[in-house]
Amino acid sequence: MLLFVAALVVLSMPGCTLFVAGQKVPDHVLEANTDDFRVADDVAALHYYGVGGWGVKWRGEYLLMAPYFSNHGFLGMFGRNGPDLEAVKQGVRNTPFGDAGLILVGHGHVDHAADIPAYPMAGLPANQAGVIANKTTLNMLASLMPPNKSFRCAETPSASGQAIDNCSLAGFRITPLASHHAPNVKLLGMGFTIARGTVDEPLPEIPSRPSAYRMGDTWAYLIDLLDENGEIVFRIHYMDAVAGSDESSIPPALLAQRKVDIHIACVPGFAYVDNYPEWELQQGKTGYVLLGHWEDFFQSRDKRLKPVTWVLNENKLNTFTRRIENALSPDAVQIAPLNKSPVDCPVDGERCGPRGKSWALPVPGETYQFGVRAGL
Ligand SMILES: [Zn+2]
């Protein structure tokens with residue numbers, strides 16, 4: 001046990017400057033910029049909060065993919081630790097967090113679900129936002145869900161490929177897709193997934209220990225942005241866990257409606273499954289990839305940024321970007337952020353992460369604007 005703890009301490013020590021595709025990654029999380037969210041009706045703003053957390057501003061509405069800021073740490077996982085309210089307030093500052101009308105959760109692990117109880121105290125008005133999550137997550141957070149009125153509605157996906165009807169927003173169509181969760185770590189060829197299992201009955205209180213947040217089923221989501229006529233003008237494919245080509249797919253009938261503009265990737269663990277990200281990019285004829293969930297969330301957010309301990313490193317991040325470039329379909333969507341230079345980050349390097357022609361490694365706090373268009 002002592003050796004194990006010593007290894008964790010060593011592996012958690014700050015590393016050197018990180019370079020991806022030859023571009024320097026900023027040392028620290030960025031302060032969000034309120035101006036980045038002031039967009040026209042034909043532009044979507046995508047904000048990276050860090051880990052699996054994203055925000056999508058579209059036609060005056062705001063969608064959250066549940067952000068996590070408390071970063072409880074390895075040992076903190078096992079103690080009695082609730083959300084760090086100050087960290088949540090700091091993490092959402094200068095973003096339209098208080099306008100959020102819907103929260104999506106892909107699975108119930110601590111880094112996706114454990115800060116949700118703090119959202120109403122961090123500026124999200126009670127009973128304003130709905131929550132779409134697996135049954136396990138809704139059971140763990142049952143004391144906050146309707147009829148207790150911390151949140152407007154709560155819904156768990158009932159079928160893969162079937163849009164959510166009752167708990168959505170006017171400008172969004174949310175379609176859950178049955179997916180999978182790769183092992184959190186592999187040692188000596190054996191995969192280990194933390195906190196597997198389900199919570200089958202509503203809990204009277206939220207879990208007091210971060211390690212008690214159970215995974216439940218894993219869902220990916222198609223997030224379609226709709227124009228005033230209900231036509232799809234932008235499509236995001238969001239994954240907050242890694243799945244192989246035989247574990248996750250988009251139904252052909254949905255792909256016939258539109259290609260995927262943006263794939264929000266989960267990077268850690270890509271080497272543990274077959275054909276990720278290639279399969280997802282090829283089936284969706286995806287145009288652009290935002291590399292999510294890459295930074296170490298076992299350390300406080302004021303520490304120097306580094307890849308998730310054990311699972312990811314600079315070499316693997318570079319490998320992932322090369323695999324994206326090699327996987328892009330010749331008839332993929334042609335798209336790039338409107339508010340960034342065409343290829344790489346300007347020399348100042350402090351307000352953006354590395355980028356290639358068809359991908360970006362976002363820094364927590366960074367916002368991307370994309371133009372939307374019908375008919376893809
Ligand atoms: Zn997980």
# chains A, B, ... in the order shown; residues from 1 in each chain; ligands from 1
>>> residues_near_ligand(ligand="ligand 1", cutoff="12 Å", atoms="only C-alpha atoms and all ligand atoms", output="PyMOL selection string")
chain A and resi 51-52+105-114+180-185+192-197+211+213-219+239-243+266-269+293+297
>>> closest_atom_pairs(of="region 192-309 of chain A", to="region 69-84 of chain A", cutoff="7 Å", atoms="only C-alpha atoms", output="Markdown table")
| residue | atom | partner | partner_atom | distance |
| --- | --- | --- | --- | --- |
| A:Ser208 | CA | A:Arg80 | CA | 5.3 |
| A:Arg209 | CA | A:Arg80 | CA | 4.7 |
| A:Pro210 | CA | A:Met77 | CA | 4.8 |
| A:Ser211 | CA | A:Met77 | CA | 5.1 |
| A:Phe297 | CA | A:Asn71 | CA | 5.3 |
| A:Phe298 | CA | A:Gly73 | CA | 4.2 |
| A:Gln299 | CA | A:Gly73 | CA | 5.7 |
| A:Ser300 | CA | A:Asn71 | CA | 5.8 |
>>> residues_around(residues="Leu305 (chain A)", least_positions_apart="4", cutoff="7 Å", atoms="only C-alpha atoms", output="list in words")
Asp27, His28 and Glu295 of chain A
>>> residues_around(residues="Ile174 (chain A)", least_positions_apart="2", cutoff="6 Å", atoms="only C-alpha atoms", output="VMD selection string")
chain A and resid 163 to 164 222 to 223
>>> write_last_selection(atoms="C-alpha atoms", output="PDB file, in the first residue's frame")
ATOM      1  CA  ALA A 163     -34.643  11.520 -29.123  1.00  0.00           C
ATOM      2  CA  ILE A 164     -35.582  12.788 -25.681  1.00  0.00           C
ATOM      3  CA  LEU A 222     -26.024  13.322 -30.538  1.00  0.00           C
ATOM      4  CA  ILE A 223     -26.683  16.991 -29.913  1.00  0.00           C
TER       5      ILE A 223
END
>>> closest_residue(among="A:Ser143, A:Ser249, A:Thr95, A:Thr198", to="Gly161 (chain A)", atoms="only C-alpha atoms")
A:Ser249
>>> select_by_dssp(residues="region 205-342 of chain A", states="alpha helix (DSSP H)", output="MDAnalysis selection string")
chainID A and resid 252:255 278:284 314:327
>>> closest_atom_pairs(of="region 222-310 of chain A", to="region 38-50 of chain A", cutoff="10 Å", atoms="only C-alpha atoms", output="CSV")
residue,atom,partner,partner_atom,distance
A:Leu225,CA,A:Ala44,CA,8.6
A:Asp227,CA,A:Asp42,CA,8.5
A:Glu228,CA,A:Asp41,CA,9.8
A:Val233,CA,A:Asp42,CA,8.7
A:Phe234,CA,A:Ala44,CA,8.4
A:Leu290,CA,A:Tyr48,CA,9.2
A:Leu291,CA,A:Tyr48,CA,9.8
A:Gly292,CA,A:Gly50,CA,7.3
A:His293,CA,A:Gly50,CA,6.4
A:Trp294,CA,A:Gly50,CA,8.1
A:Glu295,CA,A:Gly50,CA,7.4
A:Asp296,CA,A:Gly50,CA,9.4
A:Phe297,CA,A:Gly50,CA,8.4
A:Arg301,CA,A:Gly50,CA,9.4
>>> write_last_selection(atoms="C-alpha atoms", output="short mmCIF file (atom, residue, chain, number, x, y, z; two decimals), in the first residue's frame")
data_model
loop_
_atom_site.label_atom_id
_atom_site.label_comp_id
_atom_site.auth_asym_id
_atom_site.auth_seq_id
_atom_site.Cartn_x
_atom_site.Cartn_y
_atom_site.Cartn_z
CA LEU A 225 -28.84 22.31 -33.05
CA ASP A 227 -32.98 26.50 -36.63
CA GLU A 228 -36.30 28.33 -36.22
CA VAL A 233 -28.06 23.04 -38.81
CA PHE A 234 -25.25 21.66 -36.63
CA LEU A 290 -12.33 18.66 -29.88
CA LEU A 291 -10.14 16.54 -27.60
CA GLY A 292 -11.92 16.44 -24.25
CA HIS A 293 -11.21 15.01 -20.81
CA TRP A 294 -7.45 15.08 -21.33
CA GLU A 295 -6.13 16.95 -18.31
CA ASP A 296 -5.44 15.52 -14.87
CA PHE A 297 -8.51 15.97 -12.67
CA ARG A 301 -7.27 23.26 -10.98
#
>>> closest_residue(among="A:Val273, A:Ala170, A:Val333, A:Ile232", to="Gln257 (chain A)", atoms="only C-alpha atoms")
A:Ile232
>>> closest_residue(among="A:Val199, A:Val88, A:Ala100, A:Ala253", to="Ala212 (chain A)", atoms="only C-alpha atoms")
A:Val199
>>> decode(residues="region 33-47 of chain A", atoms="N, CA and C atoms", output="compact mmCIF listing (two decimals), in the first residue's frame")
# COMPACT_ATOMS: atom_id res chain seq x y z
N ASN A 33 -14.01 34.08 -21.12
CA ASN A 33 -14.22 35.45 -21.60
C ASN A 33 -15.69 35.61 -21.99
N THR A 34 -16.40 36.49 -21.30
CA THR A 34 -17.85 36.64 -21.56
C THR A 34 -18.13 37.01 -23.01
N ASP A 35 -17.22 37.76 -23.66
CA ASP A 35 -17.46 38.18 -25.05
C ASP A 35 -17.54 36.97 -25.99
N ASP A 36 -16.89 35.87 -25.63
CA ASP A 36 -16.88 34.70 -26.52
C ASP A 36 -18.28 34.10 -26.68
N PHE A 37 -19.18 34.43 -25.77
CA PHE A 37 -20.53 33.84 -25.82
C PHE A 37 -21.53 34.77 -26.51
N ARG A 38 -21.08 35.96 -26.90
CA ARG A 38 -21.97 36.88 -27.61
C ARG A 38 -21.89 36.55 -29.09
N VAL A 39 -22.78 35.65 -29.51
CA VAL A 39 -22.69 35.15 -30.90
C VAL A 39 -24.01 35.39 -31.63
N ALA A 40 -23.91 35.49 -32.95
CA ALA A 40 -25.09 35.67 -33.79
C ALA A 40 -25.90 34.37 -33.82
N ASP A 41 -27.11 34.45 -34.39
CA ASP A 41 -28.01 33.30 -34.40
C ASP A 41 -27.55 32.18 -35.32
N ASP A 42 -26.53 32.44 -36.14
CA ASP A 42 -26.02 31.35 -36.99
C ASP A 42 -24.63 30.89 -36.53
N VAL A 43 -24.35 31.15 -35.29
CA VAL A 43 -23.06 30.73 -34.71
C VAL A 43 -23.33 30.02 -33.38
N ALA A 44 -22.63 28.89 -33.17
CA ALA A 44 -22.69 28.16 -31.90
C ALA A 44 -21.38 28.38 -31.15
N ALA A 45 -21.48 28.60 -29.84
CA ALA A 45 -20.27 28.73 -29.01
C ALA A 45 -20.14 27.49 -28.14
N LEU A 46 -18.99 26.84 -28.23
CA LEU A 46 -18.72 25.64 -27.43
C LEU A 46 -17.62 25.95 -26.44
N HIS A 47 -17.93 25.78 -25.17
CA HIS A 47 -16.98 26.14 -24.11
C HIS A 47 -16.50 24.89 -23.39
